[in-house]
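Trainee: Sharing a structure here in structure tokens format.
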Amino acid sequence: MTKNIYIIRHCEATGQSPDSPLTEKGFIQANELSDFLSDLKTDKIISSPFLRAIQTIEPFAKKKDIEIEQDSRLSERVLSSVFFPDWMDKLEATFLDWDLKYEGGESSNEAMNRIVEVVNDVVASHAENTMIVAHGGIISILLNHYDKNYGFEEWKRLSNPDVYLLEFLQNSRHIKRLWQD
């Protein structure tokens, strides 16, 4: 059986905190995203509990009358609890050393393990078509897990929103970017 997992990055938001809402532009993007996704078969929607992720998929979920399941394993990765003026360099280093961990943060491996757990749960479920709504950092780590060509530079190229298809066919996996910005 083929399993399709649509990996969706949230729309433009006002900030990075868990309760940061979408911007005015982000709400427009969420409606455009709903239209873009409208022809896709969907059995299940799982979202990060962060407000911007939920607001991103709400128009689509309402249109299709599908409940949004929240899963904290889809929360954005915390790089550190300490502010780094050179945070971009620090982030890039975590794409080179997957065990690198800063104070109050999690390593790339730790973040990867929790999001891959969600994907494994979806693959083991009866759902054939699932949407996962999350954040750029954790999504890029997930994409790297299935294709080592996804790294720091690909993270920088992610758009808000963005949509990838992770397709499981028997013993093979394929990743394809669906969103065209």
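Every chain in the structure tokens has a letter given in the order shown (A, B, ...), and although residue numbers restart at 1 in each chain, ligands are simply numbered from 1 in the order shown.
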Which residues are close to Ser125 in chain A, i.e. within 12 Å by only C-alpha atoms, leaving aside same-chain residues fewer than 2 positions away? Reply as a short mmCIF file (atom, residue, chain, number, x, y, z; two decimals) with N, CA and C atoms, in the first residue's frame.
Mentor:
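What landed in out07.cif:
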data_model
loop_
_atom_site.label_atom_id
_atom_site.label_comp_id
_atom_site.auth_asym_id
_atom_site.auth_seq_id
_atom_site.Cartn_x
_atom_site.Cartn_y
_atom_site.Cartn_z
N MET A 1 0.84 -1.18 0.00
CA MET A 1 0.00 0.00 0.00
C MET A 1 0.88 1.25 0.00
N THR A 2 0.52 2.20 -0.82
CA THR A 2 1.23 3.48 -0.88
C THR A 2 0.74 4.38 0.25
N LYS A 3 1.68 5.04 0.89
CA LYS A 3 1.36 6.04 1.93
C LYS A 3 1.89 7.38 1.44
N ASN A 4 1.02 8.37 1.42
CA ASN A 4 1.40 9.72 1.05
C ASN A 4 1.36 10.59 2.29
N ILE A 5 2.48 11.21 2.58
CA ILE A 5 2.55 12.13 3.71
C ILE A 5 2.93 13.49 3.15
N ASP A 43 -6.80 11.81 4.71
CA ASP A 43 -7.45 11.01 5.75
C ASP A 43 -7.25 11.63 7.13
N LYS A 44 -6.11 12.34 7.28
CA LYS A 44 -5.72 12.79 8.61
C LYS A 44 -4.85 14.03 8.49
N VAL A 118 6.82 10.40 14.46
CA VAL A 118 5.49 10.77 13.96
C VAL A 118 5.27 10.12 12.59
N VAL A 119 6.25 10.22 11.71
CA VAL A 119 6.13 9.62 10.37
C VAL A 119 5.96 8.11 10.49
N ASN A 120 6.72 7.46 11.35
CA ASN A 120 6.59 6.01 11.53
C ASN A 120 5.20 5.65 12.04
N ASP A 121 4.65 6.46 12.94
CA ASP A 121 3.28 6.22 13.42
C ASP A 121 2.28 6.33 12.28
N VAL A 122 2.47 7.31 11.41
CA VAL A 122 1.58 7.50 10.26
C VAL A 122 1.68 6.30 9.31
N VAL A 123 2.90 5.87 9.02
CA VAL A 123 3.11 4.73 8.12
C VAL A 123 2.46 3.47 8.69
N ALA A 127 -4.24 5.21 7.77
CA ALA A 127 -4.36 6.38 6.90
C ALA A 127 -3.44 6.25 5.69
N GLU A 128 -3.99 6.51 4.52
CA GLU A 128 -3.18 6.46 3.29
C GLU A 128 -2.64 7.83 2.92
N ASN A 129 -3.36 8.88 3.28
CA ASN A 129 -2.98 10.25 2.92
C ASN A 129 -3.06 11.14 4.15
N THR A 130 -1.91 11.55 4.64
CA THR A 130 -1.82 12.33 5.87
C THR A 130 -1.09 13.64 5.62
#
Trainee: Would you list the contacts of Arg114 in chain A as a list in words, taking every protein, DNA or RNA residue within 8 Å and counting only C-alpha atoms, but skipping same-chain residues closer than 4 positions in sequence?
Mentor: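 Here the qualifying residues turn out to be Arg73, Leu74, Glu110 and Val118 of chain A.
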Trainee: Once you have the residues from the selection above, write them out as a PDB file, in the first residue's frame, restricted to N, CA, C and O atoms.
Mentor:
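selection-v6.pdb written:
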ATOM      1  N   ARG A  73       5.397  16.517  19.163  1.00  0.00           N
ATOM      2  CA  ARG A  73       6.624  16.068  18.503  1.00  0.00           C
ATOM      3  C   ARG A  73       6.883  16.836  17.211  1.00  0.00           C
ATOM      4  O   ARG A  73       7.978  16.788  16.663  1.00  0.00           O
ATOM      5  N   LEU A  74       5.885  17.585  16.731  1.00  0.00           N
ATOM      6  CA  LEU A  74       6.043  18.403  15.525  1.00  0.00           C
ATOM      7  C   LEU A  74       6.404  19.855  15.842  1.00  0.00           C
ATOM      8  O   LEU A  74       6.540  20.672  14.938  1.00  0.00           O
ATOM      9  N   GLU A 110      18.266  14.500  18.056  1.00  0.00           N
ATOM     10  CA  GLU A 110      17.115  14.454  18.966  1.00  0.00           C
ATOM     11  C   GLU A 110      15.856  14.940  18.259  1.00  0.00           C
ATOM     12  O   GLU A 110      14.791  14.321  18.376  1.00  0.00           O
ATOM     13  N   VAL A 118       6.821  10.402  14.463  1.00  0.00           N
ATOM     14  CA  VAL A 118       5.494  10.769  13.957  1.00  0.00           C
ATOM     15  C   VAL A 118       5.269  10.118  12.592  1.00  0.00           C
ATOM     16  O   VAL A 118       4.214   9.517  12.346  1.00  0.00           O
TER      17      VAL A 118
END
Trainee: Quick one: residues within 8 Å of range 99-109 of chain A, only C-alpha atoms counted, chain neighbours fewer than 4 positions away excluded, as an mmCIF file with C-alpha atoms, in the first residue's frame?
Mentor:
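So the final result, stored in out_30.cif, reads:
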data_model
loop_
_atom_site.group_PDB
_atom_site.id
_atom_site.type_symbol
_atom_site.label_atom_id
_atom_site.label_comp_id
_atom_site.auth_asym_id
_atom_site.auth_seq_id
_atom_site.Cartn_x
_atom_site.Cartn_y
_atom_site.Cartn_z
ATOM 1 C CA ARG A 77 13.286 22.521 17.190
ATOM 2 C CA VAL A 78 14.820 24.642 19.938
ATOM 3 C CA LEU A 79 18.380 25.555 18.955
ATOM 4 C CA SER A 80 19.224 27.018 22.380
ATOM 5 C CA SER A 81 17.717 28.850 25.317
ATOM 6 C CA VAL A 82 20.593 31.341 24.985
ATOM 7 C CA ALA A 93 26.999 23.759 12.552
ATOM 8 C CA THR A 94 24.141 21.478 13.679
ATOM 9 C CA PHE A 95 23.700 20.328 10.076
ATOM 10 C CA ASN A 113 14.086 11.163 16.247
ATOM 11 C CA ILE A 141 15.802 17.648 9.483
#
Trainee: Identify, on the basis of only C-alpha atoms, every residue whose closest approach to His145 in chain A does not exceed 10 Å; exclude the query and any residue fewer than 6 positions from it along the same chain; express the result as a compact mmCIF listing (two decimals) with N, CA, C and O atoms, in the first residue's frame.
Mentor:
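Wrote it out as selection.txt, contents follow:
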# COMPACT_ATOMS: atom_id res chain seq x y z
N ASN A 109 19.92 15.25 15.89
CA ASN A 109 19.49 13.85 16.06
C ASN A 109 18.28 13.74 16.97
O ASN A 109 17.36 12.96 16.68
N MET A 112 15.35 15.00 15.02
CA MET A 112 15.02 14.04 13.96
C MET A 112 14.27 12.84 14.54
O MET A 112 13.28 12.40 13.97
N ASN A 113 14.73 12.35 15.67
CA ASN A 113 14.09 11.16 16.25
C ASN A 113 12.62 11.40 16.54
O ASN A 113 11.78 10.53 16.28
N ILE A 115 10.46 13.66 15.11
CA ILE A 115 9.60 13.83 13.94
C ILE A 115 9.53 12.54 13.12
O ILE A 115 8.49 12.21 12.57
N VAL A 116 10.61 11.78 13.08
CA VAL A 116 10.57 10.48 12.39
C VAL A 116 9.62 9.53 13.11
O VAL A 116 8.93 8.73 12.47
N ILE A 139 11.29 20.36 9.72
CA ILE A 139 11.01 19.77 8.41
C ILE A 139 12.31 19.49 7.66
O ILE A 139 12.46 18.43 7.05
N GLY A 151 19.93 19.81 3.37
CA GLY A 151 20.76 20.29 4.46
C GLY A 151 20.49 21.75 4.76
O GLY A 151 19.39 22.26 4.51
Trainee: Against range 22-42 of chain A, which residues of range 61-97 of chain A fall within 9 Å? For each one I want the closest pair of atoms and the distance in Å (one decimal), counting only C-alpha atoms, rows by chain and increasing residue number, as a tab-separated table.
Mentor:
residue	atom	partner	partner_atom	distance
A:Ala61	CA	A:Ser34	CA	8.2
A:Lys63	CA	A:Ser34	CA	8.1
A:Lys64	CA	A:Ser38	CA	8.1
A:Ile66	CA	A:Thr42	CA	8.4
Trainee: Only all heavy atoms, please: the residues just picked out, written as a short mmCIF file (atom, residue, chain, number, x, y, z; two decimals), in the first residue's frame.
Mentor:
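Done, and the output landed in selection.cif:
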data_model
loop_
_atom_site.label_atom_id
_atom_site.label_comp_id
_atom_site.auth_asym_id
_atom_site.auth_seq_id
_atom_site.Cartn_x
_atom_site.Cartn_y
_atom_site.Cartn_z
N ALA A 61 -8.74 22.40 6.72
CA ALA A 61 -9.41 21.45 7.61
C ALA A 61 -10.91 21.75 7.70
O ALA A 61 -11.74 20.83 7.69
CB ALA A 61 -8.77 21.47 8.99
N LYS A 63 -12.73 23.36 5.42
CA LYS A 63 -13.32 23.07 4.11
C LYS A 63 -13.58 21.57 3.93
O LYS A 63 -14.61 21.16 3.39
CB LYS A 63 -12.39 23.56 3.00
CG LYS A 63 -12.96 23.42 1.59
CD LYS A 63 -11.95 23.77 0.51
CE LYS A 63 -11.53 25.22 0.54
NZ LYS A 63 -10.62 25.58 -0.58
N LYS A 64 -12.66 20.74 4.41
CA LYS A 64 -12.77 19.28 4.26
C LYS A 64 -13.43 18.61 5.46
O LYS A 64 -13.64 17.39 5.43
CB LYS A 64 -11.38 18.67 4.06
CG LYS A 64 -10.71 19.10 2.77
CD LYS A 64 -11.40 18.51 1.57
CE LYS A 64 -10.63 18.80 0.30
NZ LYS A 64 -11.18 18.10 -0.84
N ILE A 66 -12.21 18.04 8.49
CA ILE A 66 -11.27 17.10 9.08
C ILE A 66 -10.72 17.72 10.36
O ILE A 66 -10.29 18.88 10.36
CB ILE A 66 -10.11 16.77 8.12
CG1 ILE A 66 -10.65 16.13 6.84
CG2 ILE A 66 -9.09 15.85 8.80
CD1 ILE A 66 -9.57 15.90 5.78
#
Trainee: Pick out the closest residue to Ser20 in chain A from this set: A:Leu91, A:Ala53, A:Ile8, A:Met131. Count only C-alpha atoms.
Mentor: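 That would be A:Ala53, the residue with the smallest distance to Ser20 in chain A.
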Trainee: With a distance cut-off of 7 Å and only C-alpha atoms, select the neighbouring residues of Ile7 in chain A, excluding the residue or stretch itself and same-chain residues fewer than 5 positions from it, and output the selection as an mmCIF file with all heavy atoms, in the first residue's frame.
Mentor:
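Contents of out_5.cif, as written:
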data_model
loop_
_atom_site.group_PDB
_atom_site.id
_atom_site.type_symbol
_atom_site.label_atom_id
_atom_site.label_comp_id
_atom_site.auth_asym_id
_atom_site.auth_seq_id
_atom_site.Cartn_x
_atom_site.Cartn_y
_atom_site.Cartn_z
ATOM 1 N N MET A 131 -1.560 14.688 6.258
ATOM 2 C CA MET A 131 -0.872 15.977 6.203
ATOM 3 C C MET A 131 -0.243 16.230 7.561
ATOM 4 O O MET A 131 -0.896 16.066 8.596
ATOM 5 C CB MET A 131 -1.838 17.098 5.859
ATOM 6 C CG MET A 131 -2.333 16.983 4.449
ATOM 7 S SD MET A 131 -3.341 18.369 3.959
ATOM 8 C CE MET A 131 -3.669 17.890 2.263
ATOM 9 N N ILE A 132 1.038 16.602 7.531
ATOM 10 C CA ILE A 132 1.771 16.966 8.735
ATOM 11 C C ILE A 132 2.150 18.436 8.581
ATOM 12 O O ILE A 132 2.768 18.815 7.589
ATOM 13 C CB ILE A 132 3.030 16.091 8.897
ATOM 14 C CG1 ILE A 132 2.626 14.655 9.253
ATOM 15 C CG2 ILE A 132 3.972 16.674 9.935
ATOM 16 C CD1 ILE A 132 3.799 13.694 9.377
ATOM 17 N N VAL A 133 1.774 19.252 9.560
ATOM 18 C CA VAL A 133 2.045 20.684 9.507
ATOM 19 C C VAL A 133 3.052 21.012 10.609
ATOM 20 O O VAL A 133 2.812 20.729 11.785
ATOM 21 C CB VAL A 133 0.760 21.518 9.702
ATOM 22 C CG1 VAL A 133 1.044 22.998 9.481
ATOM 23 C CG2 VAL A 133 -0.342 21.023 8.772
ATOM 24 N N VAL A 163 5.303 22.943 0.702
ATOM 25 C CA VAL A 163 4.651 21.621 0.729
ATOM 26 C C VAL A 163 5.544 20.614 0.025
ATOM 27 O O VAL A 163 5.961 20.824 -1.117
ATOM 28 C CB VAL A 163 3.270 21.651 0.022
ATOM 29 C CG1 VAL A 163 2.606 20.271 0.095
ATOM 30 C CG2 VAL A 163 2.362 22.722 0.603
ATOM 31 N N TYR A 164 5.805 19.517 0.716
ATOM 32 C CA TYR A 164 6.542 18.389 0.153
ATOM 33 C C TYR A 164 5.681 17.143 0.272
ATOM 34 O O TYR A 164 4.898 17.006 1.204
ATOM 35 C CB TYR A 164 7.848 18.143 0.921
ATOM 36 C CG TYR A 164 8.950 19.103 0.580
ATOM 37 C CD1 TYR A 164 8.992 20.368 1.145
ATOM 38 C CD2 TYR A 164 9.943 18.752 -0.318
ATOM 39 C CE1 TYR A 164 10.003 21.260 0.827
ATOM 40 C CE2 TYR A 164 10.962 19.638 -0.645
ATOM 41 C CZ TYR A 164 10.981 20.890 -0.064
ATOM 42 O OH TYR A 164 11.984 21.766 -0.384
ATOM 43 N N LEU A 165 5.859 16.242 -0.668
ATOM 44 C CA LEU A 165 5.226 14.930 -0.602
ATOM 45 C C LEU A 165 6.303 13.910 -0.256
ATOM 46 O O LEU A 165 7.319 13.813 -0.949
ATOM 47 C CB LEU A 165 4.577 14.557 -1.943
ATOM 48 C CG LEU A 165 4.100 13.105 -2.085
ATOM 49 C CD1 LEU A 165 3.042 12.748 -1.037
ATOM 50 C CD2 LEU A 165 3.568 12.854 -3.490
#
Trainee: For Asp181 in chain A, work out the shell of residues within 10 Å, counting only C-alpha atoms and skipping chain neighbours fewer than 2 positions away, then give it as a list in words.
Mentor: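 Contacts, with the query itself left out: Leu158, Ser159, Asn160, Pro161, Asp162, Leu178 and Trp179 of chain A.
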Trainee: Which residues come within 7 Å of His135 in chain A, counting only C-alpha atoms, excluding same-chain residues fewer than 3 positions away, as a list in words?
Mentor: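 Once the nearby chain positions are removed, what remains is Arg9, His10, Glu76, Ile138 and Ile139 of chain A.
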Trainee: Within range 15-170 of chain A, find each residue whose DSSP state, derived from the backbone, is alpha helix (DSSP H), and express the selection as a PyMOL selection string.
Mentor: chain A and resi 24-37+51-64+87-96+108-124+136-146+152-157
Trainee: Would you mind writing down, as an mmCIF file with C-alpha atoms, in the first residue's frame, each residue of range 58-169 of chain A that DSSP on the backbone assigns to strand (DSSP E or B)?
Mentor:
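Output file selection-v4.cif is given in full below:
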data_model
loop_
_atom_site.group_PDB
_atom_site.id
_atom_site.type_symbol
_atom_site.label_atom_id
_atom_site.label_comp_id
_atom_site.auth_asym_id
_atom_site.auth_seq_id
_atom_site.Cartn_x
_atom_site.Cartn_y
_atom_site.Cartn_z
ATOM 1 C CA ILE A 68 -6.672 18.777 13.297
ATOM 2 C CA GLU A 69 -4.759 16.466 15.624
ATOM 3 C CA GLN A 70 -2.031 18.258 17.574
ATOM 4 C CA ASN A 129 -2.982 10.249 2.921
ATOM 5 C CA THR A 130 -1.825 12.329 5.872
ATOM 6 C CA MET A 131 -0.872 15.977 6.203
ATOM 7 C CA ILE A 132 1.771 16.966 8.735
ATOM 8 C CA VAL A 133 2.045 20.684 9.507
ATOM 9 C CA ALA A 134 5.241 21.860 11.164
ATOM 10 C CA ASP A 162 5.935 25.091 1.616
ATOM 11 C CA VAL A 163 4.651 21.621 0.729
ATOM 12 C CA TYR A 164 6.542 18.389 0.153
ATOM 13 C CA LEU A 165 5.226 14.930 -0.602
ATOM 14 C CA LEU A 166 6.927 12.062 1.200
ATOM 15 C CA GLU A 167 5.735 8.957 -0.603
ATOM 16 C CA PHE A 168 6.244 5.455 0.781
ATOM 17 C CA LEU A 169 5.971 2.678 -1.818
#
Trainee: Quick one, how far is CA of His174 in chain A from CA of Ile45 in chain A?
Mentor: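 So the two atoms, CA of His174 in chain A and CA of Ile45 in chain A, lie 20.1 Å apart.
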Trainee: Closest to Met88 in chain A among A:Phe152, A:Ser75, A:Ile57, A:Arg52, using only C-alpha atoms?
Mentor: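 Result for the nearest residue to Met88 in chain A: A:Phe152.
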